[in-house]
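Please read the structure below before turning to the comments.
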Number of protein chains: 2
Amino acid sequence: MNYESQWREQIAPAEPAVAAAARARIDDLTKPRGSLGRIEDLAVRLCAIAGGIPAHAFERRALLIAAADHGVAEYGVSAYPSEVTAQMVLGLLGGIAAANAFARAVGADVYVADFGVRTPSPAHDRLIDVRCGAGTANLAEGPAIAAERVEAVVNAGVAAFEALRARAAFDTLALGDLGIGNTTAAAAIVAAFTHTPAANAAGRGTGIDDRRLARKIAAIESGLARIGEHSWRRIASEVGGFEIVGLAGVILAAARARVAVVLDGSIVTAAALLAGAIAPASIDYCIAGHRSREPAHSLALDALGLVPLLDLDLALGEATGATLALPLISAAARMVHEMRTFSEAGVATESVR
Amino acid sequence: MNYESQWREQIAPAEPAVAAAARARIDDLTKPRGSLGRIEDLAVRLCAIAGGIPAHAFERRALLIAAADHGVAEYGVSAYPSEVTAQMVLGLLGGIAAANAFARAVGADVYVADFGVRTPSPAHDRLIDVRCGAGTANLAEGPAIAAERVEAVVNAGVAAFEALRARAAFDTLALGDLGIGNTTAAAAIVAAFTHTPAANAAGRGTGIDDRRLARKIAAIESGLARIGEHSWRRIASEVGGFEIVGLAGVILAAARARVAVVLDGSIVTAAALLAGAIAPASIDYCIAGHRSREPAHSLALDALGLVPLLDLDLALGEATGATLALPLISAAARMVHEMRTFSEAGVATESVR
């Protein structure tokens with residue numbers, strides 16, 4: 001059995017019967033039908049993830065931020081040098097980054113998985129070491145990841161998930177990213193999957209000027225030109241990043257464990273495209289936390305058929321958008337299992353219902 | 001000194017210098033400039049509310065749901081009879097309503113202020129009695145509230161706020177509404193303030209059919225036809241609701257106390273139009289929690305210059321949308337006072353910044 005088939009056997013697709021039962025209960029709750037709009041749709045998805053009306057409120061939360069460096073950064077595609085990646089890892093572990101502030105606001109712990117930061121960080125109880133190298137090769141000049149190593153990088157993501165499970169109890173996992181140059185790799189992956197020209201997929205990432213944006217587009221075009229067969233393996237090898245391909249493994253492992261996965265921006269959503277290509281049912285466990293400013297993010301969300309919960313013009317990464325969506329998920333879960341139905345509550349209704 | 005002048009003296013407008021200092025600090029935090037988008041704008045507003053960089057995280061939360069009945073309900077503008085208002089008050093006090101589920105998801109307590117439900121509820125430690133009558137008169141046929149009583153209804157809202165302060169400690173107040181018929185009154189208020197035809201302001205509220213929508217529009221038109229001089233008093237009297245006019249008083253009292261006010265849907269936002277007409281600076285303390293499905297809500301938000309944080313297709317009321325926005329407010333507050341600046345953290349930057 002090949003790699004993809006093994007994953008497809010291990011991940012249960014959402015059952016239509018569960019979703020139908022969830023929708024029927026939600027329609028009978030003591031509120032005008034449909035009046036909680038997208039929170040109702042979210043609740044249906046949570047029931048599908050749980051395999052029935054959930055008895056828990058999806059409040060055991062964790063953030064996993066996948067970090068790595070990218071060879072393409074040397075090409076001048078970012079406003080920041082690669083050294084910033086390692087500095088920001090230390091910031092996250094020290095609790096002073098945006099993700100830490102947001103995580104405290106929702107009561108979640110922050111973990112960092114090092115998939116290949118150029119400079120490794122000292123051991124830390126919130127740091128998971130799944131290093132695949134000291135950054136990828138420059139995707140503008142050749143394959144970012146050697147073809148024969150792609151599966152191992154996905155498996156590093158699976159290992160990161162299992163290591164996190166050993167350290168923390170959670171039913172909801174917000175995924176994030178960190179890595180100078182990674183919006184370039186993500187835009188290239190999304191462009192390849194969605195057959196979009198590089199200029200339409202590339203965004204300004206950390207806030208680059210026109211000159212750097214032109215270099216970013218040129219780098220993506222170089223990478224895309226080398227991709228002949230549009231398989232996930234080929235895309236991951238030519239234009240991937242260690243943390244992006246690794247995040248695909250995290251998503252697969254989380255779906256196998258029936259954990260709700262909350263996607264962040266273009267990097268994490270590009271990883272979901274890879275995971276979905278390996279095992280389509282893994283997307284049934286994904287919730288789009290927000291819509292970021294990067295054009296590649298909207299392209300990827302559309303390709304996955306996901307509608308994001310938030311739209312706050314964020315462009316930071318680090319799971320910041322996914323984290324802000326976590327309370328909405330709990331509200332949806334609590335709605336479906338804590339509210340009463342009209343018959344349970346004995347509230348008057350008119351024949352119009 | 002008249003009523004409006006007294007309020008204008010008591011509410012401090014946001015200081016531009018505080019907002020400028022907040023923006024300067026946010027621009028220097030260890031993240032690409034502007035990368036947290038609307039969370040940054042929200043943080044600036046919170047600094048203005050606090051009068052400086054806040055030392056607290058806006059996590060002492062309360063929900064106040066203003067309830068009342070509306071004479072116009074007898075006109076057939078809702079899918080539910082007036083009896084449902086009292087039943088839903090009991091549901092809220094019993095903890096089984098949507099607002100309770102959402103409030104538990106964000107760790108807030110739910111209080112109900114009875115401004116004039118047709119059937120009073122038994123005393124309850126989460127119920128604040130500020131009754132102004134057993135529902136308003138039918139706005140389709142004459143003034144909903146006697147002109148000489150309008151100020152007293154606003155003052156009932158002030159009393160509700162002070163009663164809540166005596167029972168609970170909070171720095172952030174999510175406001176909601178409950179009352180069969182109240183989207184009709186709110187749409188009429190918004191139509192009057194924004195000079196919008198009734199048909200463009202009226203929405204389907206609890207999910208009414210075309211026949212009831214036509215009656216709703218006709219009721220609003222009758223009310224609007226009686227308003228000659230477009231003063232807030234005249235509007236409140238002709239087409240107001242006890243809970244809507246009362247909520248204006250809650251907003252004024254909260255602004256005076258420098259409490260952050262989180263607006264919910266069309267009813268609470270119509271109340272903000274009244275509060276803003278009495279004392280414009282009160283709007284500086286308001287945050288739009290979400291954009292609901294009701295057309296009057298978007299009209300009112302535009303008139304107030306407020307951009308809502310969430311857009312989840314909600315149409316329930318009960319502070320459900322405002323409640324879901326509370327964690328975003330805490331995240332913004334934590335961002336500005338917990339993140340480090342580049343100079344504090346010693347992170348490398350390139351000259352591009």
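Going through the structure tokens in order, the chains are called A, B, and so on, while each chain numbers its residues from 1 and the ligands are numbered from 1 in the order shown.
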
Spatial neighbours of range 226-228 of chain A, max dist 9 Å, only C-alpha atoms, sep filter under 4 positions, as a PDB file with all heavy atoms, in the first residue's frame:
ATOM      1  N   GLY A 142      16.579  25.882  -7.610  1.00  0.00           N
ATOM      2  CA  GLY A 142      16.487  24.432  -7.721  1.00  0.00           C
ATOM      3  C   GLY A 142      15.530  23.920  -6.670  1.00  0.00           C
ATOM      4  O   GLY A 142      14.939  24.714  -5.929  1.00  0.00           O
ATOM      5  N   PRO A 143      15.366  22.594  -6.575  1.00  0.00           N
ATOM      6  CA  PRO A 143      14.410  22.038  -5.608  1.00  0.00           C
ATOM      7  C   PRO A 143      14.718  22.521  -4.185  1.00  0.00           C
ATOM      8  O   PRO A 143      15.864  22.470  -3.747  1.00  0.00           O
ATOM      9  CB  PRO A 143      14.611  20.528  -5.724  1.00  0.00           C
ATOM     10  CG  PRO A 143      15.209  20.333  -7.078  1.00  0.00           C
ATOM     11  CD  PRO A 143      16.050  21.551  -7.339  1.00  0.00           C
ATOM     12  N   ALA A 192       0.812  26.582  -7.655  1.00  0.00           N
ATOM     13  CA  ALA A 192       0.928  25.304  -8.357  1.00  0.00           C
ATOM     14  C   ALA A 192      -0.373  24.503  -8.248  1.00  0.00           C
ATOM     15  O   ALA A 192      -0.862  23.964  -9.247  1.00  0.00           O
ATOM     16  CB  ALA A 192       2.095  24.500  -7.793  1.00  0.00           C
ATOM     17  N   GLU A 221       8.041  32.175  -9.998  1.00  0.00           N
ATOM     18  CA  GLU A 221       7.967  31.753 -11.409  1.00  0.00           C
ATOM     19  C   GLU A 221       9.059  30.743 -11.741  1.00  0.00           C
ATOM     20  O   GLU A 221       8.810  29.765 -12.446  1.00  0.00           O
ATOM     21  CB  GLU A 221       8.061  32.979 -12.333  1.00  0.00           C
ATOM     22  CG  GLU A 221       6.733  33.733 -12.394  1.00  0.00           C
ATOM     23  CD  GLU A 221       6.814  35.049 -13.162  1.00  0.00           C
ATOM     24  OE1 GLU A 221       7.944  35.540 -13.387  1.00  0.00           O
ATOM     25  OE2 GLU A 221       5.750  35.593 -13.507  1.00  0.00           O
ATOM     26  N   SER A 222      10.273  30.982 -11.210  1.00  0.00           N
ATOM     27  CA  SER A 222      11.360  30.022 -11.441  1.00  0.00           C
ATOM     28  C   SER A 222      10.990  28.658 -10.894  1.00  0.00           C
ATOM     29  O   SER A 222      11.204  27.621 -11.535  1.00  0.00           O
ATOM     30  CB  SER A 222      12.644  30.492 -10.745  1.00  0.00           C
ATOM     31  OG  SER A 222      13.044  31.732 -11.231  1.00  0.00           O
ATOM     32  N   ARG A 234       5.847  16.490  -5.975  1.00  0.00           N
ATOM     33  CA  ARG A 234       6.675  17.319  -6.840  1.00  0.00           C
ATOM     34  C   ARG A 234       6.612  18.782  -6.397  1.00  0.00           C
ATOM     35  O   ARG A 234       7.636  19.469  -6.323  1.00  0.00           O
ATOM     36  CB  ARG A 234       6.169  17.163  -8.290  1.00  0.00           C
ATOM     37  CG  ARG A 234       7.045  17.824  -9.321  1.00  0.00           C
ATOM     38  CD  ARG A 234       8.396  17.117  -9.390  1.00  0.00           C
ATOM     39  NE  ARG A 234       9.342  17.945 -10.140  1.00  0.00           N
ATOM     40  CZ  ARG A 234       9.498  17.876 -11.461  1.00  0.00           C
ATOM     41  NH1 ARG A 234       8.795  17.014 -12.181  1.00  0.00           N
ATOM     42  NH2 ARG A 234      10.362  18.663 -12.068  1.00  0.00           N
ATOM     43  N   ILE A 235       5.396  19.235  -6.072  1.00  0.00           N
ATOM     44  CA  ILE A 235       5.216  20.621  -5.605  1.00  0.00           C
ATOM     45  C   ILE A 235       5.985  20.834  -4.302  1.00  0.00           C
ATOM     46  O   ILE A 235       6.713  21.820  -4.137  1.00  0.00           O
ATOM     47  CB  ILE A 235       3.708  20.939  -5.434  1.00  0.00           C
ATOM     48  CG1 ILE A 235       2.999  20.902  -6.798  1.00  0.00           C
ATOM     49  CG2 ILE A 235       3.512  22.290  -4.737  1.00  0.00           C
ATOM     50  CD1 ILE A 235       1.480  20.916  -6.718  1.00  0.00           C
ATOM     51  N   GLU A 238       9.849  20.901  -5.085  1.00  0.00           N
ATOM     52  CA  GLU A 238      10.379  22.044  -5.843  1.00  0.00           C
ATOM     53  C   GLU A 238      10.255  23.364  -5.080  1.00  0.00           C
ATOM     54  O   GLU A 238      11.177  24.180  -5.096  1.00  0.00           O
ATOM     55  CB  GLU A 238       9.672  22.163  -7.207  1.00  0.00           C
ATOM     56  CG  GLU A 238       9.988  21.024  -8.186  1.00  0.00           C
ATOM     57  CD  GLU A 238      11.455  21.003  -8.640  1.00  0.00           C
ATOM     58  OE1 GLU A 238      12.197  21.972  -8.381  1.00  0.00           O
ATOM     59  OE2 GLU A 238      11.855  19.984  -9.253  1.00  0.00           O
ATOM     60  N   VAL A 239       9.109  23.609  -4.457  1.00  0.00           N
ATOM     61  CA  VAL A 239       8.868  24.942  -3.874  1.00  0.00           C
ATOM     62  C   VAL A 239       8.417  24.897  -2.412  1.00  0.00           C
ATOM     63  O   VAL A 239       7.953  25.904  -1.877  1.00  0.00           O
ATOM     64  CB  VAL A 239       7.832  25.743  -4.715  1.00  0.00           C
ATOM     65  CG1 VAL A 239       8.353  25.979  -6.122  1.00  0.00           C
ATOM     66  CG2 VAL A 239       6.470  25.053  -4.743  1.00  0.00           C
TER      67      VAL A 239
END

Sorted per-residue table, chain B near chain A, closest atoms and distance, 6 Å, only C-alpha atoms, as JSON lines:
{"residue": "B:Pro32", "atom": "CA", "partner": "A:Thr206", "partner_atom": "CA", "distance": 5.4}
{"residue": "B:Ser35", "atom": "CA", "partner": "A:Ala315", "partner_atom": "CA", "distance": 4.8}
{"residue": "B:Leu36", "atom": "CA", "partner": "A:Leu314", "partner_atom": "CA", "distance": 4.7}
{"residue": "B:Gly37", "atom": "CA", "partner": "A:Asp313", "partner_atom": "CA", "distance": 4.7}
{"residue": "B:Arg38", "atom": "CA", "partner": "A:Leu312", "partner_atom": "CA", "distance": 5.3}
{"residue": "B:Tyr80", "atom": "CA", "partner": "A:Glu350", "partner_atom": "CA", "distance": 5.9}
{"residue": "B:Ile96", "atom": "CA", "partner": "A:Met339", "partner_atom": "CA", "distance": 5.2}
{"residue": "B:Ala97", "atom": "CA", "partner": "A:Met339", "partner_atom": "CA", "distance": 5.8}
{"residue": "B:Ala101", "atom": "CA", "partner": "A:Arg334", "partner_atom": "CA", "distance": 5.4}
{"residue": "B:Phe102", "atom": "CA", "partner": "A:Ala331", "partner_atom": "CA", "distance": 4.8}
{"residue": "B:Ala105", "atom": "CA", "partner": "A:Ala331", "partner_atom": "CA", "distance": 5.2}
{"residue": "B:Thr206", "atom": "CA", "partner": "A:Pro32", "partner_atom": "CA", "distance": 5.4}
{"residue": "B:Leu312", "atom": "CA", "partner": "A:Arg38", "partner_atom": "CA", "distance": 5.2}
{"residue": "B:Asp313", "atom": "CA", "partner": "A:Gly37", "partner_atom": "CA", "distance": 4.7}
{"residue": "B:Leu314", "atom": "CA", "partner": "A:Leu36", "partner_atom": "CA", "distance": 4.7}
{"residue": "B:Ala315", "atom": "CA", "partner": "A:Ser35", "partner_atom": "CA", "distance": 4.8}
{"residue": "B:Leu316", "atom": "CA", "partner": "A:Ser35", "partner_atom": "CA", "distance": 5.2}
{"residue": "B:Ser330", "atom": "CA", "partner": "A:Ala105", "partner_atom": "CA", "distance": 5.7}
{"residue": "B:Ala331", "atom": "CA", "partner": "A:Phe102", "partner_atom": "CA", "distance": 4.8}
{"residue": "B:Arg334", "atom": "CA", "partner": "A:Ala101", "partner_atom": "CA", "distance": 5.4}
{"residue": "B:Met335", "atom": "CA", "partner": "A:Ala101", "partner_atom": "CA", "distance": 5.5}
{"residue": "B:Met339", "atom": "CA", "partner": "A:Ile96", "partner_atom": "CA", "distance": 5.1}
{"residue": "B:Glu350", "atom": "CA", "partner": "A:Tyr80", "partner_atom": "CA", "distance": 5.9}

Check your understanding: So which one's closest to Val261 in chain A, A:Leu173, A:Ile65, A:Leu90, A:Ala123? Using only C-alpha atoms, please.
Key ->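 Smallest distance to Val261 in chain A is found for A:Leu173.
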
**Study point:** Spatial neighbours of Arg256 in chain B, 7 Å, only C-alpha atoms, chain gap at least 2 places, as a PyMOL selection string
**Key:** chain B and resi 10-11+252-254+258

Take the residues from that selection and put them in a file with N, CA and C atoms, as a PDB file, in the first residue's frame.
ATOM      1  N   GLN B  10     -20.083  65.355  31.304  1.00  0.00           N
ATOM      2  CA  GLN B  10     -19.642  64.229  32.136  1.00  0.00           C
ATOM      3  C   GLN B  10     -18.862  63.158  31.370  1.00  0.00           C
ATOM      4  N   ILE B  11     -18.894  63.219  30.046  1.00  0.00           N
ATOM      5  CA  ILE B  11     -18.227  62.171  29.252  1.00  0.00           C
ATOM      6  C   ILE B  11     -17.014  62.771  28.546  1.00  0.00           C
ATOM      7  N   LEU B 252     -24.506  55.795  27.872  1.00  0.00           N
ATOM      8  CA  LEU B 252     -24.032  57.067  28.446  1.00  0.00           C
ATOM      9  C   LEU B 252     -23.352  56.832  29.796  1.00  0.00           C
ATOM     10  N   ALA B 253     -23.979  56.017  30.631  1.00  0.00           N
ATOM     11  CA  ALA B 253     -23.415  55.768  31.965  1.00  0.00           C
ATOM     12  C   ALA B 253     -22.096  55.007  31.871  1.00  0.00           C
ATOM     13  N   ALA B 254     -22.022  54.057  30.928  1.00  0.00           N
ATOM     14  CA  ALA B 254     -20.791  53.285  30.755  1.00  0.00           C
ATOM     15  C   ALA B 254     -19.659  54.190  30.262  1.00  0.00           C
ATOM     16  N   ARG B 258     -15.932  55.236  31.849  1.00  0.00           N
ATOM     17  CA  ARG B 258     -14.820  54.743  31.018  1.00  0.00           C
ATOM     18  C   ARG B 258     -14.805  53.221  30.900  1.00  0.00           C
TER      19      ARG B 258
END

Exercise for review: To one decimal in Å, tell me the separation between CA of Gly276 in chain B and CA of Leu304 in chain B.
Suggested key: 8.1 Å

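Of the residues listed (A:Pro295, A:Gly116, A:Gly94, A:Gly305), A:Gly305 shows the shortest atom-to-atom separation from Ile283 in chain A; distances use only C-alpha atoms.
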
Check your understanding: When DSSP works through the backbone of this structure, what residues of range 89-249 of chain A end up as strand (DSSP E or B), shown as number ranges by chain?
Key -> A: 109-116, 127-129, 172-178

Residue selection dump (C-alpha atoms) as a CSV table (one decimal), in the first residue's frame:
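The file below, result-v3.csv, is the result:
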chain,number,residue,atom,x,y,z
A,109,ASP,CA,-0.4,27.2,25.6
A,110,VAL,CA,2.1,28.0,22.8
A,111,TYR,CA,4.4,25.3,21.4
A,112,VAL,CA,7.0,25.7,18.7
A,113,ALA,CA,8.1,22.9,16.4
A,114,ASP,CA,11.5,23.5,14.8
A,115,PHE,CA,11.4,21.9,11.4
A,116,GLY,CA,14.6,23.5,10.2
A,127,LEU,CA,10.1,23.5,21.9
A,128,ILE,CA,9.7,20.3,19.8
A,129,ASP,CA,12.7,19.3,17.8
A,172,THR,CA,-8.5,21.8,19.4
A,173,LEU,CA,-5.2,22.7,17.7
A,174,ALA,CA,-4.4,26.1,16.3
A,175,LEU,CA,-1.6,25.8,13.7
A,176,GLY,CA,0.7,28.6,12.9
A,177,ASP,CA,4.0,29.3,11.1
A,178,LEU,CA,7.2,31.2,11.5
